[in-house]
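Pasting start-v1.cif here (mmCIF, C-alpha atoms and all ligand atoms):
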```
data_entry
#
loop_
_atom_site.group_PDB
_atom_site.id
_atom_site.type_symbol
_atom_site.label_atom_id
_atom_site.label_comp_id
_atom_site.auth_asym_id
_atom_site.auth_seq_id
_atom_site.Cartn_x
_atom_site.Cartn_y
_atom_site.Cartn_z
ATOM 1 C CA MET K 1 83.739 34.920 161.771
ATOM 2 C CA VAL K 2 83.933 35.092 157.985
ATOM 3 C CA ASP K 3 86.259 37.707 156.499
ATOM 4 C CA LEU K 4 84.466 39.387 153.568
ATOM 5 C CA ARG K 5 87.172 41.928 152.781
ATOM 6 C CA VAL K 6 88.695 42.213 149.303
ATOM 7 C CA ASN K 7 91.404 44.391 147.820
ATOM 8 C CA LEU K 8 90.198 45.981 144.607
ATOM 9 C CA GLY K 9 93.054 47.635 142.755
ATOM 10 C CA GLY K 10 94.527 48.927 146.025
ATOM 11 C CA LEU K 11 91.167 49.914 147.499
ATOM 12 C CA CYS K 12 90.353 47.820 150.555
ATOM 13 C CA LEU K 13 86.626 47.001 150.584
ATOM 14 C CA ASP K 14 84.751 45.654 153.642
ATOM 15 C CA ASN K 15 82.943 43.318 151.263
ATOM 16 C CA PRO K 16 82.832 42.865 147.479
ATOM 17 C CA ILE K 17 79.292 44.210 146.951
ATOM 18 C CA ILE K 18 78.979 47.329 144.803
ATOM 19 C CA PRO K 19 75.739 48.658 143.290
ATOM 20 C CA ALA K 20 76.278 48.961 139.537
ATOM 21 C CA SER K 21 76.286 52.305 137.772
ATOM 22 C CA GLY K 22 72.870 53.452 136.592
ATOM 23 C CA THR K 23 70.937 51.377 139.119
ATOM 24 C CA PHE K 24 71.720 53.301 142.314
ATOM 25 C CA GLY K 25 71.766 56.978 141.313
ATOM 26 C CA PHE K 26 74.493 58.850 143.178
ATOM 27 C CA GLY K 27 73.991 56.625 146.212
ATOM 28 C CA TYR K 28 72.464 59.143 148.616
ATOM 29 C CA GLU K 29 69.006 58.444 147.168
ATOM 30 C CA PHE K 30 69.168 55.028 148.891
ATOM 31 C CA ALA K 31 70.345 56.353 152.253
ATOM 32 C CA ASP K 32 66.755 56.725 153.495
ATOM 33 C CA LEU K 33 66.210 53.011 152.923
ATOM 34 C CA TYR K 34 69.281 51.676 154.713
ATOM 35 C CA ASP K 35 72.749 52.602 155.929
ATOM 36 C CA ILE K 36 74.653 52.594 152.641
ATOM 37 C CA ASN K 37 77.957 52.390 154.556
ATOM 38 C CA ILE K 38 77.465 48.612 154.656
ATOM 39 C CA LEU K 39 78.308 48.532 150.928
ATOM 40 C CA GLY K 40 81.800 47.743 149.657
ATOM 41 C CA SER K 41 81.583 50.811 147.429
ATOM 42 C CA ILE K 42 79.134 52.405 144.969
ATOM 43 C CA SER K 43 79.533 52.864 141.233
ATOM 44 C CA LEU K 44 77.929 56.244 140.583
ATOM 45 C CA LYS K 45 75.619 57.199 137.724
ATOM 46 C CA GLY K 46 77.481 57.422 134.422
ATOM 47 C CA THR K 47 78.780 60.943 133.923
ATOM 48 C CA THR K 48 79.395 62.873 130.715
ATOM 49 C CA LYS K 49 80.884 66.328 130.176
ATOM 50 C CA GLU K 50 77.571 68.026 129.339
ATOM 51 C CA PRO K 51 74.245 67.480 131.126
ATOM 52 C CA ARG K 52 72.086 64.947 129.251
ATOM 53 C CA LEU K 53 68.364 64.247 129.321
ATOM 54 C CA GLY K 54 68.940 60.854 127.745
ATOM 55 C CA ASN K 55 66.916 59.132 125.037
ATOM 56 C CA PRO K 56 63.209 59.735 124.373
ATOM 57 C CA LEU K 57 60.598 57.674 126.276
ATOM 58 C CA PRO K 58 59.708 54.849 126.468
ATOM 59 C CA ARG K 59 63.180 53.612 127.211
ATOM 60 C CA ILE K 60 62.541 50.632 129.470
ATOM 61 C CA ALA K 61 60.998 47.322 128.435
ATOM 62 C CA GLU K 62 60.368 44.476 130.845
ATOM 63 C CA CYS K 63 61.285 41.071 129.462
ATOM 64 C CA ARG K 64 61.273 37.507 130.739
ATOM 65 C CA GLU K 65 64.179 37.196 133.186
ATOM 66 C CA GLY K 66 65.392 40.729 132.631
ATOM 67 C CA MET K 67 64.818 44.162 131.155
ATOM 68 C CA ILE K 68 65.920 46.356 128.282
ATOM 69 C CA ASN K 69 67.016 49.941 128.866
ATOM 70 C CA SER K 70 67.925 52.660 126.421
ATOM 71 C CA VAL K 71 68.456 55.421 128.972
ATOM 72 C CA GLY K 72 71.184 57.140 126.950
ATOM 73 C CA LEU K 73 73.463 58.339 129.736
ATOM 74 C CA GLN K 74 71.057 60.766 131.410
ATOM 75 C CA ASN K 75 73.049 62.745 133.970
ATOM 76 C CA PRO K 76 73.576 66.334 135.147
ATOM 77 C CA GLY K 77 77.076 66.688 133.630
ATOM 78 C CA VAL K 78 80.470 66.401 135.262
ATOM 79 C CA GLU K 79 80.562 69.871 136.880
ATOM 80 C CA LYS K 80 77.246 69.369 138.683
ATOM 81 C CA VAL K 81 78.197 65.831 139.676
ATOM 82 C CA ILE K 82 81.302 67.174 141.377
ATOM 83 C CA GLU K 83 79.721 70.302 142.857
ATOM 84 C CA GLU K 84 76.312 68.935 143.884
ATOM 85 C CA GLU K 85 75.922 65.163 143.711
ATOM 86 C CA ILE K 86 79.152 63.956 145.306
ATOM 87 C CA PRO K 87 78.819 66.418 148.246
ATOM 88 C CA LYS K 88 75.323 64.982 148.898
ATOM 89 C CA LEU K 89 76.804 61.483 148.891
ATOM 90 C CA ARG K 90 79.597 62.569 151.231
ATOM 91 C CA LYS K 91 76.996 63.401 153.906
ATOM 92 C CA CYS K 92 75.816 59.784 154.152
ATOM 93 C CA PHE K 93 78.685 57.638 152.811
ATOM 94 C CA ASN K 94 82.112 57.581 154.427
ATOM 95 C CA LYS K 95 83.867 55.269 151.961
ATOM 96 C CA LYS K 96 85.426 55.838 148.555
ATOM 97 C CA ALA K 97 83.014 55.710 145.617
ATOM 98 C CA ILE K 98 83.588 54.706 142.005
ATOM 99 C CA ALA K 99 83.140 57.384 139.331
ATOM 100 C CA ASN K 100 81.605 55.942 136.157
ATOM 101 C CA VAL K 101 82.767 57.995 133.198
ATOM 102 C CA GLY K 102 81.009 58.162 129.823
ATOM 103 C CA GLY K 103 82.116 59.957 126.702
ATOM 104 C CA PHE K 104 81.427 60.724 123.061
ATOM 105 C CA SER K 105 85.043 61.265 122.022
ATOM 106 C CA LEU K 106 88.533 60.499 123.265
ATOM 107 C CA ASP K 107 88.937 64.080 124.441
ATOM 108 C CA GLU K 108 85.714 63.902 126.434
ATOM 109 C CA TYR K 109 86.782 60.722 128.240
ATOM 110 C CA VAL K 110 90.053 62.438 129.098
ATOM 111 C CA TYR K 111 88.292 65.607 130.290
ATOM 112 C CA ASN K 112 85.855 63.731 132.532
ATOM 113 C CA CYS K 113 88.520 61.452 133.987
ATOM 114 C CA GLU K 114 90.791 64.393 134.711
ATOM 115 C CA LYS K 115 87.976 66.195 136.567
ATOM 116 C CA LEU K 116 86.679 63.196 138.524
ATOM 117 C CA GLY K 117 90.144 61.767 139.029
ATOM 118 C CA VAL K 118 91.069 64.478 141.545
ATOM 119 C CA VAL K 119 87.916 64.251 143.646
ATOM 120 C CA ASP K 120 88.745 63.029 147.150
ATOM 121 C CA GLU K 121 85.645 60.871 147.526
ATOM 122 C CA ILE K 122 86.492 58.892 144.394
ATOM 123 C CA GLY K 123 88.586 55.754 144.867
ATOM 124 C CA ILE K 124 88.381 54.267 141.380
ATOM 125 C CA VAL K 125 87.601 55.703 137.956
ATOM 126 C CA GLU K 126 85.490 53.282 135.910
ATOM 127 C CA VAL K 127 85.543 54.176 132.229
ATOM 128 C CA ASN K 128 82.426 53.070 130.388
ATOM 129 C CA ILE K 129 83.409 52.253 126.810
ATOM 130 C CA SER K 130 80.414 49.962 126.431
ATOM 131 C CA CYS K 131 77.168 51.973 126.536
ATOM 132 C CA PRO K 132 74.955 50.537 123.774
ATOM 133 C CA ASN K 133 72.475 53.422 123.838
ATOM 134 C CA VAL K 134 74.321 56.337 122.255
ATOM 135 C CA HIS K 135 75.143 56.788 118.605
ATOM 136 C CA ALA K 136 78.621 58.231 118.972
ATOM 137 C CA GLY K 137 81.297 57.151 121.419
ATOM 138 C CA GLY K 138 80.168 54.691 124.084
ATOM 139 C CA MET K 139 80.210 51.150 122.760
ATOM 140 C CA SER K 140 82.124 52.085 119.609
ATOM 141 C CA PHE K 141 85.260 52.428 121.773
ATOM 142 C CA GLY K 142 84.616 49.152 123.544
ATOM 143 C CA THR K 143 84.148 46.966 120.486
ATOM 144 C CA ASP K 144 87.537 47.653 118.937
ATOM 145 C CA ALA K 145 90.765 46.631 120.678
ATOM 146 C CA LYS K 146 92.784 49.536 119.257
ATOM 147 C CA ASN K 147 90.227 52.138 120.307
ATOM 148 C CA ALA K 148 89.875 50.540 123.749
ATOM 149 C CA ALA K 149 93.646 50.678 124.225
ATOM 150 C CA GLU K 150 93.792 54.296 123.091
ATOM 151 C CA VAL K 151 91.118 55.421 125.574
ATOM 152 C CA THR K 152 92.889 53.511 128.333
ATOM 153 C CA LYS K 153 96.259 55.077 127.581
ATOM 154 C CA ARG K 154 94.847 58.581 127.361
ATOM 155 C CA VAL K 155 92.841 58.439 130.594
ATOM 156 C CA LYS K 156 95.669 56.766 132.506
ATOM 157 C CA ALA K 157 97.826 59.758 131.650
ATOM 158 C CA VAL K 158 95.501 62.205 133.440
ATOM 159 C CA THR K 159 94.637 60.510 136.724
ATOM 160 C CA ASN K 160 96.517 58.818 139.540
ATOM 161 C CA LYS K 161 93.429 56.886 140.649
ATOM 162 C CA PRO K 162 93.071 53.245 139.615
ATOM 163 C CA VAL K 163 91.352 53.064 136.224
ATOM 164 C CA PHE K 164 88.937 50.218 135.493
ATOM 165 C CA ILE K 165 87.638 49.880 131.942
ATOM 166 C CA LYS K 166 84.027 48.692 131.612
ATOM 167 C CA LEU K 167 83.764 46.303 128.687
ATOM 168 C CA SER K 168 80.988 45.367 126.302
ATOM 169 C CA PRO K 169 79.825 41.780 125.826
ATOM 170 C CA ASN K 170 78.670 42.715 122.304
ATOM 171 C CA VAL K 171 81.924 41.573 120.714
ATOM 172 C CA THR K 172 83.273 38.406 119.166
ATOM 173 C CA ASP K 173 86.250 38.159 121.494
ATOM 174 C CA ILE K 174 86.106 40.039 124.809
ATOM 175 C CA VAL K 175 89.500 38.572 125.787
ATOM 176 C CA GLU K 176 91.224 40.470 122.962
ATOM 177 C CA ILE K 177 89.728 43.781 124.160
ATOM 178 C CA ALA K 178 90.542 42.982 127.810
ATOM 179 C CA LYS K 179 94.181 42.249 126.971
ATOM 180 C CA ALA K 180 94.455 45.421 124.900
ATOM 181 C CA CYS K 181 93.246 47.461 127.905
ATOM 182 C CA GLU K 182 95.660 45.679 130.255
ATOM 183 C CA ASP K 183 98.571 46.259 127.881
ATOM 184 C CA ALA K 184 97.608 49.949 127.657
ATOM 185 C CA GLY K 185 97.865 50.302 131.442
ATOM 186 C CA ALA K 186 94.377 49.603 132.842
ATOM 187 C CA ASP K 187 94.431 48.837 136.560
ATOM 188 C CA GLY K 188 91.350 46.660 136.293
ATOM 189 C CA LEU K 189 88.324 45.730 134.223
ATOM 190 C CA THR K 190 84.587 45.788 134.796
ATOM 191 C CA LEU K 191 82.624 43.195 132.882
ATOM 192 C CA ILE K 192 80.055 42.883 131.484
ATOM 193 C CA ASN K 193 77.825 45.765 130.389
ATOM 194 C CA THR K 194 74.408 44.953 128.907
ATOM 195 C CA LEU K 195 73.764 42.755 125.876
ATOM 196 C CA MET K 196 72.094 44.446 122.909
ATOM 197 C CA GLY K 197 68.462 43.398 122.746
ATOM 198 C CA MET K 198 65.010 44.442 121.594
ATOM 199 C CA LYS K 199 61.360 43.760 122.341
ATOM 200 C CA ILE K 200 58.395 44.133 119.970
ATOM 201 C CA ASP K 201 54.836 44.868 121.106
ATOM 202 C CA LEU K 202 52.409 42.474 119.422
ATOM 203 C CA LYS K 203 49.482 44.888 119.373
ATOM 204 C CA SER K 204 51.258 47.868 117.817
ATOM 205 C CA ARG K 205 53.744 45.589 116.006
ATOM 206 C CA LYS K 206 56.417 48.120 116.858
ATOM 207 C CA PRO K 207 59.503 48.075 119.091
ATOM 208 C CA VAL K 208 58.552 48.864 122.706
ATOM 209 C CA VAL K 209 61.578 51.097 123.216
ATOM 210 C CA LYS K 210 61.579 54.372 121.270
ATOM 211 C CA ASN K 211 65.264 53.941 120.443
ATOM 212 C CA ILE K 212 64.268 50.531 118.971
ATOM 213 C CA LYS K 213 67.097 48.614 120.655
ATOM 214 C CA GLY K 214 68.636 48.762 124.101
ATOM 215 C CA GLY K 215 70.838 46.995 126.620
ATOM 216 C CA PHE K 216 69.451 43.775 128.082
ATOM 217 C CA SER K 217 70.262 43.063 131.737
ATOM 218 C CA GLY K 218 68.940 40.898 134.554
ATOM 219 C CA PRO K 219 69.293 37.274 135.677
ATOM 220 C CA ALA K 220 69.188 35.892 132.120
ATOM 221 C CA ILE K 221 72.632 37.342 131.353
ATOM 222 C CA PHE K 222 74.304 35.938 134.476
ATOM 223 C CA PRO K 223 75.760 32.794 132.835
ATOM 224 C CA VAL K 224 77.112 34.949 129.978
ATOM 225 C CA ALA K 225 78.827 37.249 132.469
ATOM 226 C CA VAL K 226 80.297 34.296 134.381
ATOM 227 C CA ARG K 227 81.664 32.806 131.164
ATOM 228 C CA MET K 228 83.241 36.094 130.058
ATOM 229 C CA ILE K 229 84.780 36.735 133.480
ATOM 230 C CA TYR K 230 86.145 33.188 133.451
ATOM 231 C CA ASP K 231 87.729 33.680 130.016
ATOM 232 C CA VAL K 232 89.176 37.104 130.801
ATOM 233 C CA TYR K 233 90.564 35.948 134.175
ATOM 234 C CA GLU K 234 92.571 33.296 132.318
ATOM 235 C CA ALA K 235 94.123 35.961 130.086
ATOM 236 C CA VAL K 236 94.878 38.978 132.326
ATOM 237 C CA LYS K 237 96.533 39.698 135.669
ATOM 238 C CA ILE K 238 94.553 42.821 136.605
ATOM 239 C CA PRO K 239 91.479 42.555 138.881
ATOM 240 C CA ILE K 240 87.966 42.175 137.514
ATOM 241 C CA MET K 241 84.774 43.734 138.831
ATOM 242 C CA GLY K 242 82.091 41.265 137.809
ATOM 243 C CA VAL K 243 78.632 42.499 136.835
ATOM 244 C CA GLY K 244 75.687 41.038 134.974
ATOM 245 C CA GLY K 245 72.501 39.503 136.324
ATOM 246 C CA VAL K 246 73.642 39.066 139.934
ATOM 247 C CA MET K 247 70.556 38.506 142.109
ATOM 248 C CA THR K 248 71.711 36.490 145.116
ATOM 249 C CA ALA K 249 74.636 35.850 147.463
ATOM 250 C CA GLU K 250 75.117 32.515 145.659
ATOM 251 C CA ASP K 251 75.630 34.464 142.423
ATOM 252 C CA VAL K 252 78.327 36.544 144.131
ATOM 253 C CA ILE K 253 80.271 33.455 145.154
ATOM 254 C CA GLU K 254 79.904 31.940 141.675
ATOM 255 C CA MET K 255 81.141 35.118 139.998
ATOM 256 C CA MET K 256 84.132 35.295 142.341
ATOM 257 C CA LEU K 257 84.976 31.668 141.624
ATOM 258 C CA ALA K 258 84.996 32.620 137.928
ATOM 259 C CA GLY K 259 87.539 35.359 138.687
ATOM 260 C CA ALA K 260 85.813 38.487 139.990
ATOM 261 C CA THR K 261 87.495 40.342 142.859
ATOM 262 C CA ALA K 262 84.372 42.419 143.498
ATOM 263 C CA VAL K 263 80.807 42.046 142.275
ATOM 264 C CA GLN K 264 78.442 44.749 141.092
ATOM 265 C CA VAL K 265 74.713 44.326 141.564
ATOM 266 C CA GLY K 266 72.649 46.086 138.875
ATOM 267 C CA ALA K 267 69.123 45.222 137.728
ATOM 268 C CA ALA K 268 68.399 43.540 141.083
ATOM 269 C CA ASN K 269 68.327 47.023 142.710
ATOM 270 C CA LEU K 270 65.491 47.997 140.386
ATOM 271 C CA VAL K 271 63.409 44.975 141.396
ATOM 272 C CA GLU K 272 64.279 45.113 145.102
ATOM 273 C CA PRO K 273 65.927 48.310 146.403
ATOM 274 C CA MET K 274 67.244 46.322 149.389
ATOM 275 C CA ALA K 275 68.990 43.770 147.119
ATOM 276 C CA CYS K 276 72.559 44.765 148.044
ATOM 277 C CA LYS K 277 71.742 44.891 151.744
ATOM 278 C CA ASN K 278 70.111 41.439 151.582
ATOM 279 C CA ILE K 279 73.086 39.952 149.731
ATOM 280 C CA ILE K 280 75.577 41.389 152.245
ATOM 281 C CA LYS K 281 73.486 39.981 155.100
ATOM 282 C CA GLU K 282 73.346 36.521 153.525
ATOM 283 C CA LEU K 283 77.021 36.249 152.569
ATOM 284 C CA PRO K 284 78.526 35.193 155.951
ATOM 285 C CA ALA K 285 76.158 32.218 156.449
ATOM 286 C CA LEU K 286 76.644 31.163 152.844
ATOM 287 C CA CYS K 287 80.425 31.321 153.257
ATOM 288 C CA GLU K 288 80.142 29.122 156.346
ATOM 289 C CA LYS K 289 77.999 26.657 154.399
ATOM 290 C CA TYR K 290 80.722 26.387 151.733
ATOM 291 C CA LYS K 291 83.569 26.466 154.264
ATOM 292 C CA ILE K 292 84.939 29.809 153.099
ATOM 293 C CA GLU K 293 86.874 31.629 155.832
ATOM 294 C CA LYS K 294 88.197 34.490 153.729
ATOM 295 C CA LEU K 295 86.047 35.422 150.755
ATOM 296 C CA ARG K 296 89.082 36.716 148.836
ATOM 297 C CA ASP K 297 90.570 33.206 148.865
ATOM 298 C CA ILE K 298 87.951 31.987 146.373
ATOM 299 C CA ILE K 299 88.720 34.555 143.640
ATOM 300 C CA GLY K 300 89.357 32.552 140.478
ATOM 301 C CA GLY K 301 88.866 29.309 142.440
ATOM 302 C CA ALA K 302 87.083 27.612 139.547
ATOM 303 C CA HIS K 303 90.198 27.660 137.371
HETATM 304 C C1 LIG N 401 72.537 54.184 129.599
HETATM 305 O O1 LIG N 401 72.552 55.237 130.233
HETATM 306 O O2 LIG N 401 72.114 54.120 128.447
HETATM 307 C C2 LIG N 401 73.039 52.926 130.224
HETATM 308 C C3 LIG N 401 74.486 52.974 130.431
HETATM 309 C C4 LIG N 401 75.168 51.787 129.876
HETATM 310 O O3 LIG N 401 74.562 50.784 129.534
HETATM 311 O O4 LIG N 401 76.410 51.827 129.768
#
```
Please go through the file and, once you have read it, give me the structure as structure tokens.
Amino acid sequence: MVDLRVNLGGLCLDNPIIPASGTFGFGYEFADLYDINILGSISLKGTTKEPRLGNPLPRIAECREGMINSVGLQNPGVEKVIEEEIPKLRKCFNKKAIANVGGFSLDEYVYNCEKLGVVDEIGIVEVNISCPNVHAGGMSFGTDAKNAAEVTKRVKAVTNKPVFIKLSPNVTDIVEIAKACEDAGADGLTLINTLMGMKIDLKSRKPVVKNIKGGFSGPAIFPVAVRMIYDVYEAVKIPIMGVGGVMTAEDVIEMMLAGATAVQVGAANLVEPMACKNIIKELPALCEKYKIEKLRDIIGGAH
């Protein structure tokens, strides 16, 4: 019997599979499709202080091997998330979830982390300093090592939960940013967020997405994510949640060999809502094929 369990920053997961923020709502929406308790955990929809409608439509563009989104952090705001969304999740999910925190200023990150950081159902606070779709905050914190360290330090001061910082691939040197977050006290890192991209419609000769550019995700970015996880694993001691273009159980094993302790599945959920369930089902046989008895033993195995 293969042991799929992993320890993610002190949180013991039955398996490393976690739906990525923004691709799985607040989790309960998927509970009609399958028993979501099979998941390792769930990274909830990115949450800001105020409710947000997000960017104007259209904000999705299908591309070869992936998609562009410019959603713009649409969410009901932190109070409603705590009072309405998380209680709905509690009814169908008996594990700890991951709160994904957005922000437009240092103070907002702190405010949101302080609020979500005391919620019982939350096991990890994931701080998104890498959203490419908002004009203030978001990615501007994640593309500068000093800013990234400052956010990390400030949010660490207001919560006792493990803090994972979600990093942007839209930088020259992701290792520098990762090390700055580790030095500032981060308990872990999530990488990578989407790559900045755009798509132009030939007929109208205009960008497809109203916001012109957006974040590119899907299988095409998988090798980029693997490379960045590999590089960051070499440089830090804190655990990494890998994310970026994961479609199959094979991808999960590859990402863990690069250095991921857990693996988030994002765009795949939008193509196939059962993606996470299918991957979890396929993992044991795949582990047997590759003679893996304990999945956690392969973390960083490619180094
Ligand atoms: C969005 O809401 O724009 C996506 C979130 C992200 O890419 O961080």
Can you translate the PyMOL selection byres (((not hetatm)) within 9 of (chain N and resi 401)) into the concrete residues it hits in this file, as a PyMOL selection string? chain K and resi 21-22+45-46+54-55+69-75+102+128-134+138-139+166+168+193-195+214-216
Polymer residues at most 8 Å from segment 257-270 of chain K, all atoms listed in the file, same-chain spacing of 4 or more positions, as a count of residues only: 43
Restrict the calculation to all atoms listed in the file, then for each residue of segment 67-164 of chain K with any atom at most 10 Å from an atom of segment 35-39 of chain K give the closest atom pair and their distance in Å to one decimal, rows by chain and rising residue number, as JSON lines.
```
{"residue": "K:Leu89", "atom": "CA", "partner": "K:Ile36", "partner_atom": "CA", "distance": 9.9}
{"residue": "K:Cys92", "atom": "CA", "partner": "K:Ile36", "partner_atom": "CA", "distance": 7.4}
{"residue": "K:Phe93", "atom": "CA", "partner": "K:Asn37", "partner_atom": "CA", "distance": 5.6}
{"residue": "K:Asn94", "atom": "CA", "partner": "K:Asn37", "partner_atom": "CA", "distance": 6.7}
{"residue": "K:Lys95", "atom": "CA", "partner": "K:Asn37", "partner_atom": "CA", "distance": 7.1}
```
Segment 176-195 of chain K, all listed atoms, 3 Å padding on each side: what axis-aligned box centre and edge lengths in Å to one decimal come out, as JSON?
```
{"center_x": 86.2, "center_y": 45.4, "center_z": 129.8, "size_x": 30.8, "size_y": 15.8, "size_z": 19.6}
```
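When the distance limit is 12 Å and all atoms listed in the file are what count, the residues near Glu121 of chain K, minus those fewer than 4 positions from it on the same chain, are Ser41, Ile42, Ser43, Leu44, Val81, Ile82, Glu85, Ile86, Pro87, Lys88, Leu89, Arg90, Lys91, Cys92, Phe93, Asn94, Lys95, Lys96, Ala97, Ile98, Ala99, Leu116, Gly117, Val125 and Lys161 of chain K.
Each of K:Leu13, K:Lys49, K:Ala61, K:Asp144 was checked against Glu114 of chain K using all atoms listed in the file; the smallest atom-to-atom distance is that of K:Lys49.
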